[in-house]
>>> print(open('query.tsv').read())   # TSV, C-alpha atoms
chain	number	residue	atom	x	y	z
G	9	MET	CA	75.85	-8.26	-100.53
G	10	THR	CA	75.54	-8.23	-104.33
G	11	VAL	CA	76.28	-5.24	-106.54
G	12	ILE	CA	76.60	-4.22	-110.19
G	13	LEU	CA	77.56	-0.61	-110.95
G	14	ARG	CA	78.67	1.64	-113.68
G	15	PHE	CA	80.74	4.75	-113.29
G	16	SER	CA	78.03	7.32	-113.91
G	17	SER	CA	79.01	10.50	-112.17
G	18	PHE	CA	81.91	12.11	-110.44
G	19	LEU	CA	81.60	15.06	-108.08
G	20	ILE	CA	84.11	17.00	-106.05
G	21	PHE	CA	83.06	19.12	-103.11
G	22	VAL	CA	84.87	21.44	-100.74
G	23	LEU	CA	82.89	22.40	-97.66
G	24	CYS	CA	83.28	25.75	-95.96
G	25	PHE	CA	84.07	24.84	-92.38
G	26	PRO	CA	85.93	27.34	-90.16
G	27	PHE	CA	89.16	28.35	-91.85
G	28	THR	CA	91.49	26.87	-89.23
G	29	PHE	CA	90.13	23.39	-89.95
G	30	PHE	CA	89.80	23.93	-93.72
G	31	ALA	CA	93.38	25.10	-94.09
G	32	GLN	CA	94.68	21.89	-92.56
G	33	SER	CA	92.56	19.52	-94.65
G	34	PRO	CA	94.06	17.65	-97.60
G	35	GLN	CA	93.03	18.79	-101.05
G	36	LEU	CA	91.83	16.45	-103.75
G	37	ILE	CA	94.04	16.34	-106.83
G	38	ARG	CA	92.07	13.70	-108.74
G	39	VAL	CA	90.15	10.44	-108.55
G	40	ASN	CA	91.77	8.11	-111.08
G	41	PRO	CA	89.71	5.65	-113.17
G	42	GLN	CA	88.89	2.24	-111.76
G	43	HIS	CA	90.53	-0.86	-113.27
G	44	TYR	CA	90.24	-4.61	-112.96
G	45	PHE	CA	92.87	-7.21	-113.83
G	46	GLN	CA	91.17	-10.43	-114.84
G	47	ARG	CA	94.34	-12.29	-115.84
G	48	THR	CA	96.34	-11.63	-112.67
G	49	VAL	CA	93.69	-11.23	-109.94
G	50	PRO	CA	91.45	-14.29	-109.45
G	51	LYS	CA	87.83	-13.47	-108.64
G	52	GLY	CA	87.36	-12.92	-104.94
G	53	ASN	CA	85.82	-10.95	-102.10
G	54	TYR	CA	88.62	-8.48	-101.45
G	55	SER	CA	87.42	-6.36	-98.55
G	56	GLY	CA	90.52	-4.65	-97.14
G	57	LEU	CA	94.14	-3.84	-97.92
G	58	THR	CA	97.23	-2.34	-96.30
G	59	TRP	CA	100.52	-1.09	-97.73
G	60	LEU	CA	103.69	-2.99	-96.82
G	61	GLY	CA	106.11	-0.70	-98.68
G	62	GLY	CA	107.28	-0.54	-102.28
G	63	ASN	CA	104.64	-2.16	-104.46
G	64	ARG	CA	103.54	-4.83	-101.98
G	65	TYR	CA	100.21	-4.94	-100.15
G	66	ALA	CA	98.42	-7.37	-97.87
G	67	VAL	CA	94.76	-8.01	-98.74
G	68	VAL	CA	91.93	-9.77	-96.90
G	69	SER	CA	88.84	-11.52	-98.22
G	70	ASP	CA	85.65	-11.77	-96.19
G	71	LYS	CA	84.70	-15.10	-97.78
G	72	ALA	CA	87.96	-16.97	-98.23
G	73	THR	CA	87.77	-20.59	-97.11
G	74	GLU	CA	90.40	-20.06	-94.41
G	75	SER	CA	91.46	-17.19	-92.19
G	76	GLY	CA	94.48	-15.27	-93.44
G	77	PHE	CA	95.55	-12.85	-96.14
G	78	PHE	CA	96.90	-12.47	-99.67
G	79	PHE	CA	100.00	-10.66	-100.82
G	80	PHE	CA	99.32	-8.42	-103.82
G	81	ARG	CA	101.76	-6.55	-106.03
G	82	ILE	CA	100.25	-3.23	-107.17
G	83	GLU	CA	102.14	-1.24	-109.80
G	84	ILE	CA	101.36	2.49	-109.75
G	85	ASP	CA	102.46	5.18	-112.19
G	86	SER	CA	104.81	7.54	-110.33
G	87	VAL	CA	103.50	10.65	-112.10
G	88	SER	CA	99.72	10.17	-112.42
G	89	GLY	CA	99.23	7.77	-109.52
G	90	ASP	CA	97.03	5.60	-111.74
G	91	ILE	CA	97.20	1.82	-111.26
G	92	LYS	CA	99.06	0.03	-114.04
G	93	ASN	CA	98.83	-3.56	-112.85
G	94	VAL	CA	97.69	-5.71	-109.90
G	95	GLU	CA	98.86	-9.26	-109.30
G	96	ASN	CA	97.78	-11.72	-106.63
G	97	GLU	CA	100.91	-13.46	-105.30
G	98	GLY	CA	99.23	-16.05	-103.10
G	99	PHE	CA	97.36	-16.71	-99.86
G	100	PHE	CA	98.83	-17.22	-96.37
G	101	SER	CA	96.54	-19.19	-94.07
G	102	SER	CA	96.28	-19.41	-90.29
G	103	GLY	CA	94.84	-22.90	-90.63
G	104	GLU	CA	91.52	-21.79	-89.14
G	105	SER	CA	88.20	-21.05	-90.84
G	106	ASN	CA	87.51	-17.55	-92.17
G	107	LYS	CA	85.87	-15.18	-89.68
G	108	ASP	CA	84.35	-12.70	-92.15
G	109	GLU	CA	87.60	-10.75	-92.36
G	110	GLU	CA	87.01	-7.18	-93.49
G	111	GLY	CA	89.91	-4.91	-92.53
G	112	ILE	CA	93.70	-5.24	-92.29
G	113	ALA	CA	96.53	-3.06	-90.98
G	114	PHE	CA	100.31	-3.48	-91.09
G	115	PHE	CA	102.12	-3.09	-87.74
G	116	PRO	CA	105.74	-2.36	-88.78
G	117	LYS	CA	107.08	-2.30	-85.20
G	118	ASP	CA	106.71	-6.09	-85.02
G	119	SER	CA	106.30	-6.82	-88.76
G	120	THR	CA	102.84	-8.28	-88.18
G	121	LEU	CA	99.33	-7.76	-89.54
G	122	LEU	CA	96.13	-7.04	-87.60
G	123	ILE	CA	92.86	-8.26	-89.15
G	124	ALA	CA	89.36	-7.04	-88.23
G	125	ARG	CA	86.98	-10.00	-88.08
G	126	GLU	CA	83.27	-9.27	-88.26
G	127	ALA	CA	82.05	-12.79	-87.39
G	128	ASP	CA	83.59	-12.89	-83.90
G	129	ASN	CA	83.92	-9.12	-83.36
G	130	ARG	CA	87.68	-9.28	-82.76
G	131	ILE	CA	90.83	-7.66	-84.18
G	132	VAL	CA	93.56	-10.28	-84.15
G	133	GLU	CA	97.30	-10.28	-84.92
G	134	TYR	CA	98.87	-12.52	-87.59
G	135	GLY	CA	102.50	-13.15	-88.46
G	136	MET	CA	103.72	-12.65	-92.01
G	137	ASN	CA	103.51	-16.43	-92.46
G	138	GLY	CA	99.76	-16.25	-91.86
G	139	ARG	CA	99.85	-17.82	-88.40
G	140	LEU	CA	98.18	-16.29	-85.35
G	141	THR	CA	100.54	-14.71	-82.81
G	142	GLY	CA	98.13	-15.04	-79.88
G	143	ARG	CA	97.70	-11.26	-79.47
G	144	GLU	CA	94.73	-9.03	-80.29
G	145	LEU	CA	93.42	-5.53	-79.63
G	146	ALA	CA	91.66	-5.11	-76.28
G	147	ILE	CA	88.20	-4.15	-77.53
G	148	PRO	CA	86.08	-1.99	-75.17
G	149	SER	CA	82.95	-3.79	-73.98
G	150	VAL	CA	80.56	-1.31	-75.63
G	151	PHE	CA	81.42	-2.82	-79.04
G	152	SER	CA	79.91	-6.13	-77.94
G	153	THR	CA	76.55	-4.60	-78.90
G	154	ALA	CA	77.54	-4.42	-82.58
G	155	THR	CA	75.15	-6.06	-85.05
G	156	PRO	CA	76.94	-9.12	-86.51
G	157	ALA	CA	76.67	-7.89	-90.12
G	158	TYR	CA	77.77	-4.37	-89.15
G	159	SER	CA	80.68	-4.96	-86.78
G	160	PHE	CA	84.36	-4.18	-87.42
G	161	GLU	CA	85.20	-3.48	-91.07
G	162	ALA	CA	87.47	-0.45	-90.92
G	163	LEU	CA	91.00	-0.82	-89.56
G	164	THR	CA	94.10	1.34	-89.98
G	165	TYR	CA	97.44	2.00	-88.28
G	166	ASN	CA	99.96	4.82	-88.56
G	167	ALA	CA	103.54	4.28	-87.39
G	168	LEU	CA	104.21	8.01	-86.82
G	169	THR	CA	101.21	8.57	-84.53
G	170	HIS	CA	101.46	5.08	-82.96
G	171	ARG	CA	97.70	4.61	-83.23
G	172	PHE	CA	95.37	1.95	-84.55
G	173	TRP	CA	91.86	3.13	-85.44
G	174	THR	CA	88.64	1.21	-85.99
G	175	THR	CA	84.87	1.59	-85.81
G	176	SER	CA	81.76	-0.51	-86.27
G	177	GLU	CA	80.33	-0.29	-89.77
G	178	SER	CA	76.96	0.91	-88.48
G	179	THR	CA	75.40	2.17	-85.23
G	180	LEU	CA	75.87	0.00	-82.14
G	181	LYS	CA	72.66	-1.33	-80.60
G	182	THR	CA	73.35	0.65	-77.43
G	183	ASP	CA	73.56	3.90	-79.44
G	184	GLY	CA	70.27	3.73	-81.33
G	185	GLU	CA	68.70	2.82	-84.65
G	186	GLN	CA	70.72	1.92	-87.74
G	187	THR	CA	70.24	3.57	-91.14
G	188	ASP	CA	68.08	1.66	-93.59
G	189	ALA	CA	66.62	2.49	-97.00
G	190	THR	CA	63.59	4.41	-95.66
G	191	ASN	CA	64.07	5.67	-92.10
G	192	HIS	CA	66.23	8.80	-92.73
G	193	VAL	CA	68.30	7.96	-89.64
G	194	LYS	CA	71.96	9.00	-89.56
G	195	ASN	CA	74.39	6.33	-88.35
G	196	LYS	CA	76.15	7.31	-85.11
G	197	LEU	CA	79.56	5.66	-84.80
G	198	ARG	CA	82.34	5.43	-82.24
G	199	PHE	CA	85.87	5.85	-83.58
G	200	GLN	CA	88.18	3.92	-81.27
G	201	SER	CA	91.98	4.21	-81.09
G	202	PHE	CA	94.56	1.79	-79.64
G	203	ASP	CA	98.22	2.32	-78.84
G	204	ASP	CA	101.23	0.13	-79.71
G	205	SER	CA	100.53	-2.12	-76.72
G	206	PHE	CA	97.06	-2.86	-78.17
G	207	THR	CA	95.42	-0.94	-75.30
G	208	PRO	CA	92.29	1.16	-76.05
G	209	ARG	CA	92.86	4.89	-75.90
G	210	GLU	CA	90.71	7.75	-77.20
G	211	GLN	CA	87.15	7.35	-78.49
G	212	TYR	CA	85.24	9.89	-80.58
G	213	ALA	CA	81.69	10.24	-81.90
G	214	TYR	CA	81.17	10.36	-85.67
G	215	LEU	CA	77.90	11.15	-87.48
G	216	MET	CA	77.37	9.79	-90.99
G	217	ASP	CA	75.42	11.61	-93.70
G	218	ALA	CA	71.71	10.94	-94.08
G	219	ALA	CA	70.59	8.59	-96.84
G	220	GLU	CA	67.99	9.52	-99.41
G	221	ASN	CA	64.67	7.69	-99.17
G	222	GLN	CA	65.15	4.51	-101.22
G	223	ALA	CA	61.80	2.70	-101.02
G	224	SER	CA	62.68	0.58	-104.09
G	225	ALA	CA	65.62	-1.15	-102.38
G	226	SER	CA	65.63	-4.93	-102.24
G	227	ASN	CA	69.04	-4.92	-100.56
G	228	TYR	CA	70.68	-1.99	-98.82
G	229	ALA	CA	73.77	-1.15	-96.78
G	230	MET	CA	75.12	2.13	-95.46
G	231	GLY	CA	78.15	2.44	-93.25
G	232	VAL	CA	81.88	3.06	-92.89
G	233	PRO	CA	83.80	0.14	-94.44
G	234	ALA	CA	87.29	1.71	-94.31
G	235	MET	CA	89.43	4.47	-92.81
G	236	THR	CA	93.03	5.58	-93.31
G	237	ALA	CA	95.26	7.20	-90.67
G	238	LEU	CA	97.44	10.03	-92.00
G	239	ASP	CA	100.89	10.92	-90.72
G	240	ASP	CA	99.68	14.14	-89.06
G	241	GLY	CA	97.05	12.38	-86.94
G	242	ARG	CA	94.01	13.04	-89.11
G	243	LEU	CA	91.82	10.30	-90.51
G	244	LEU	CA	90.31	9.73	-93.93
G	245	VAL	CA	86.89	8.08	-93.59
G	246	LEU	CA	85.11	6.19	-96.38
G	247	GLU	CA	81.32	6.44	-96.18
G	248	ARG	CA	79.50	4.00	-98.47
G	249	GLU	CA	75.83	3.78	-99.47
G	250	PHE	CA	74.94	0.65	-101.48
G	251	LEU	CA	71.49	0.00	-102.91
G	252	VAL	CA	70.32	-2.96	-104.97
G	253	THR	CA	66.98	-2.67	-106.78
G	254	SER	CA	64.69	-5.67	-107.34
G	255	SER	CA	65.47	-5.60	-111.08
G	256	LYS	CA	69.18	-4.90	-110.44
G	257	ILE	CA	69.06	-2.13	-113.07
G	258	GLY	CA	69.54	1.20	-111.32
G	259	SER	CA	71.50	-0.32	-108.44
G	260	PHE	CA	74.25	1.99	-107.24
G	261	VAL	CA	77.09	2.56	-104.82
G	262	GLU	CA	77.94	6.07	-103.67
G	263	ASN	CA	81.28	6.63	-101.95
G	264	LYS	CA	82.41	9.69	-100.02
G	265	ILE	CA	85.82	10.32	-98.45
G	266	TYR	CA	85.81	12.67	-95.47
G	267	CYS	CA	88.66	14.00	-93.37
G	268	VAL	CA	88.40	14.36	-89.58
G	269	ASP	CA	90.93	15.57	-87.03
G	270	PRO	CA	90.85	13.82	-83.63
G	271	ALA	CA	93.15	16.52	-82.19
G	272	GLU	CA	90.38	19.08	-82.73
G	273	SER	CA	87.65	16.80	-81.37
G	274	VAL	CA	86.38	16.02	-77.88
G	275	ALA	CA	86.78	12.45	-76.66
G	276	ILE	CA	83.66	10.80	-75.30
G	277	ASN	CA	83.07	8.57	-72.32
G	278	GLN	CA	83.52	5.09	-73.79
G	279	GLU	CA	80.48	3.62	-72.03
G	280	ARG	CA	78.14	6.55	-72.64
G	281	GLY	CA	75.36	6.45	-75.20
G	282	LEU	CA	75.60	8.77	-78.20
G	283	ASP	CA	72.67	11.15	-77.83
G	284	THR	CA	71.93	14.39	-79.67
G	285	ASP	CA	74.29	16.31	-77.38
G	286	SER	CA	77.33	14.20	-78.28
G	287	PRO	CA	80.21	16.26	-79.71
G	288	TYR	CA	80.46	14.68	-83.15
G	289	MET	CA	83.73	15.07	-85.04
G	290	GLN	CA	83.76	17.88	-87.59
G	291	LYS	CA	84.29	16.43	-91.06
G	292	VAL	CA	85.39	17.87	-94.39
G	293	LEU	CA	84.37	16.23	-97.66
G	294	ILE	CA	87.39	15.47	-99.83
G	295	ALA	CA	85.89	13.54	-102.77
G	296	THR	CA	82.84	11.59	-103.86
G	297	TRP	CA	81.98	9.30	-106.75
G	298	LYS	CA	79.02	7.15	-107.71
G	299	THR	CA	78.89	3.95	-109.76
G	300	SER	CA	75.71	2.26	-110.96
G	301	LEU	CA	74.29	-0.61	-112.96
G	302	GLY	CA	72.89	0.37	-116.35
G	303	LEU	CA	71.76	-1.42	-119.46
G	304	LEU	CA	74.93	-0.77	-121.44
G	305	ARG	CA	77.70	-0.63	-118.87
G	306	GLN	CA	78.32	-2.74	-115.78
G	307	ASN	CA	80.87	-0.93	-113.63
G	308	LEU	CA	79.28	-1.20	-110.18
G	309	ALA	CA	82.02	-1.12	-107.54
G	310	ASN	CA	81.48	-1.68	-103.83
G	311	TYR	CA	84.67	-0.15	-102.40
G	312	GLU	CA	85.44	-1.61	-98.98
G	313	GLY	CA	89.24	-1.35	-98.67
G	314	MET	CA	91.34	1.84	-98.45
G	315	CYS	CA	94.93	2.49	-97.40
G	316	LEU	CA	97.88	4.83	-97.85
G	317	GLY	CA	100.19	4.06	-100.74
G	318	PRO	CA	103.45	5.71	-101.84
G	319	ARG	CA	103.89	9.36	-102.74
G	320	LEU	CA	104.11	10.64	-106.30
G	321	ALA	CA	107.15	12.35	-107.76
G	322	ASP	CA	105.58	15.75	-106.87
G	323	GLY	CA	104.99	14.72	-103.24
G	324	SER	CA	101.25	14.08	-103.56
G	325	GLN	CA	99.86	11.21	-101.50
G	326	ILE	CA	98.31	8.13	-103.13
G	327	ILE	CA	95.26	6.52	-101.53
G	328	VAL	CA	94.63	2.97	-102.82
G	329	LEU	CA	91.15	1.41	-102.82
G	330	CYS	CA	89.76	-2.05	-103.63
G	331	ALA	CA	86.18	-3.19	-104.22
G	332	ASP	CA	84.44	-6.38	-103.11
G	333	SER	CA	82.94	-8.08	-106.19
G	334	GLN	CA	81.19	-10.83	-104.23
G	335	ASP	CA	83.27	-13.36	-106.15
G	336	GLN	CA	82.41	-11.51	-109.40
G	337	TYR	CA	78.72	-12.08	-108.70
G	338	GLY	CA	76.66	-13.19	-111.67
G	339	GLY	CA	79.66	-12.86	-113.95
G	340	VAL	CA	78.94	-9.13	-113.99
G	341	LEU	CA	80.77	-7.60	-111.03
G	342	ARG	CA	84.53	-7.02	-111.18
G	343	ASP	CA	87.36	-6.80	-108.65
G	344	TRP	CA	87.90	-3.09	-109.15
G	345	PHE	CA	90.90	-1.07	-107.94
G	346	ARG	CA	91.44	2.69	-108.09
G	347	THR	CA	93.55	5.44	-106.59
G	348	VAL	CA	92.67	8.86	-105.17
G	349	ILE	CA	95.41	11.53	-105.12
G	350	ILE	CA	95.50	14.15	-102.36
G	351	ARG	CA	97.94	16.82	-101.27
>>> encode(input="query.tsv", output="structure tokens")
Amino acid sequence: MTVILRFSSFLIFVLCFPFTFFAQSPQLIRVNPQHYFQRTVPKGNYSGLTWLGGNRYAVVSDKATESGFFFFRIEIDSVSGDIKNVENEGFFSSGESNKDEEGIAFFPKDSTLLIAREADNRIVEYGMNGRLTGRELAIPSVFSTATPAYSFEALTYNALTHRFWTTSESTLKTDGEQTDATNHVKNKLRFQSFDDSFTPREQYAYLMDAAENQASASNYAMGVPAMTALDDGRLLVLEREFLVTSSKIGSFVENKIYCVDPAESVAINQERGLDTDSPYMQKVLIATWKTSLGLLRQNLANYEGMCLGPRLADGSQIIVLCADSQDQYGGVLRDWFRTVIIR
């Protein structure tokens, strides 16, 4: 997918759900500006990242020549949470070809990394040297109906809750029609958890927002490219709508971060279709921002990676995001990074 955006608007919303849920939801402190680091981050297709501790992160690319991951050093201001510098420290290969690798999660129990691979619809474990360990998450059979371009992108793990979480980027074939630029359909997703033994556990139904009618789209994508598991069991969910116009001018990406609480949701039968009676997870909007391509500024940012970072001096939580520039497509797109601060 190709994108060129400029930071054109920034909105913050708080939705009035029942008070018991609202009171437990994180509050947005700020969305910091996006930055790119041309001298220290080679152009790439950075589609997912996970925090390793300190200022070190593991990052995946969906179009690297080989399967594996990068180590990045991300310097963050301890007061504002803004990113000061990002440096690519090198690639660690498995020796196999890339499998359209979109999401990555650190598994501290065994000091390994799990990578979500869209091309073969698997989530596979890698050692810190880049080599495959031979283990992978046991994916429920219903996910075999995922559309190849809209399979696993989101992946997260939390060591306190002992849960991995993933979902398909868009609606599974068995669950209905996928959102496009004109059909007004809402994507219906299955959020799937796994325990420390890589065994599937709970599954929940999630309903994305409706897209506006975008008849002018020459290229379009709407889905969930990333999620982040919080220490208290809740999940942050990144919804992304990405439209490219035929002239490229006016192209945009709109991102929304929602919070959901699996503990307050009803698990579904893993093999059951998601019809209108499915108990979708209740979600609270935390933050939203939109970037777009204009004549004077070219700040389009297709954010696909999101993970927990460190806490600030005041205890606020840093959320770190990275954007996929499609190898800095056309010399216009950039490998953007930004942070969102919540409490």
>>> residues_around(input="query.tsv", residues="region 171-182 of chain G", least_positions_apart="4", cutoff="6 Å", atoms="all atoms listed in the file", output="VMD selection string")
chain G and resid 153 to 154 158 to 166 186 195 to 203 231 to 233
>>> closest_residue(input="query.tsv", among="G:Ser273, G:Gln325, G:Ser152, G:Asn96", to="Pro287 (chain G)", atoms="only C-alpha atoms")
G:Ser273
>>> atom_distance(input="query.tsv", atom1="CA of Ser255 (chain G)", atom2="CA of Ala189 (chain G)")
16.3 Å
>>> residues_around(input="query.tsv", residues="Phe100 (chain G)", least_positions_apart="4", cutoff="9 Å", atoms="only C-alpha atoms", output="list in words")
Ser75, Gly76, Phe77, Phe78, Phe79, Met136, Asn137, Gly138 and Arg139 of chain G
>>> closest_residue(input="query.tsv", among="G:Ile276, G:Ala146, G:Cys267, G:Val261", to="Thr207 (chain G)", atoms="only C-alpha atoms")
G:Ala146
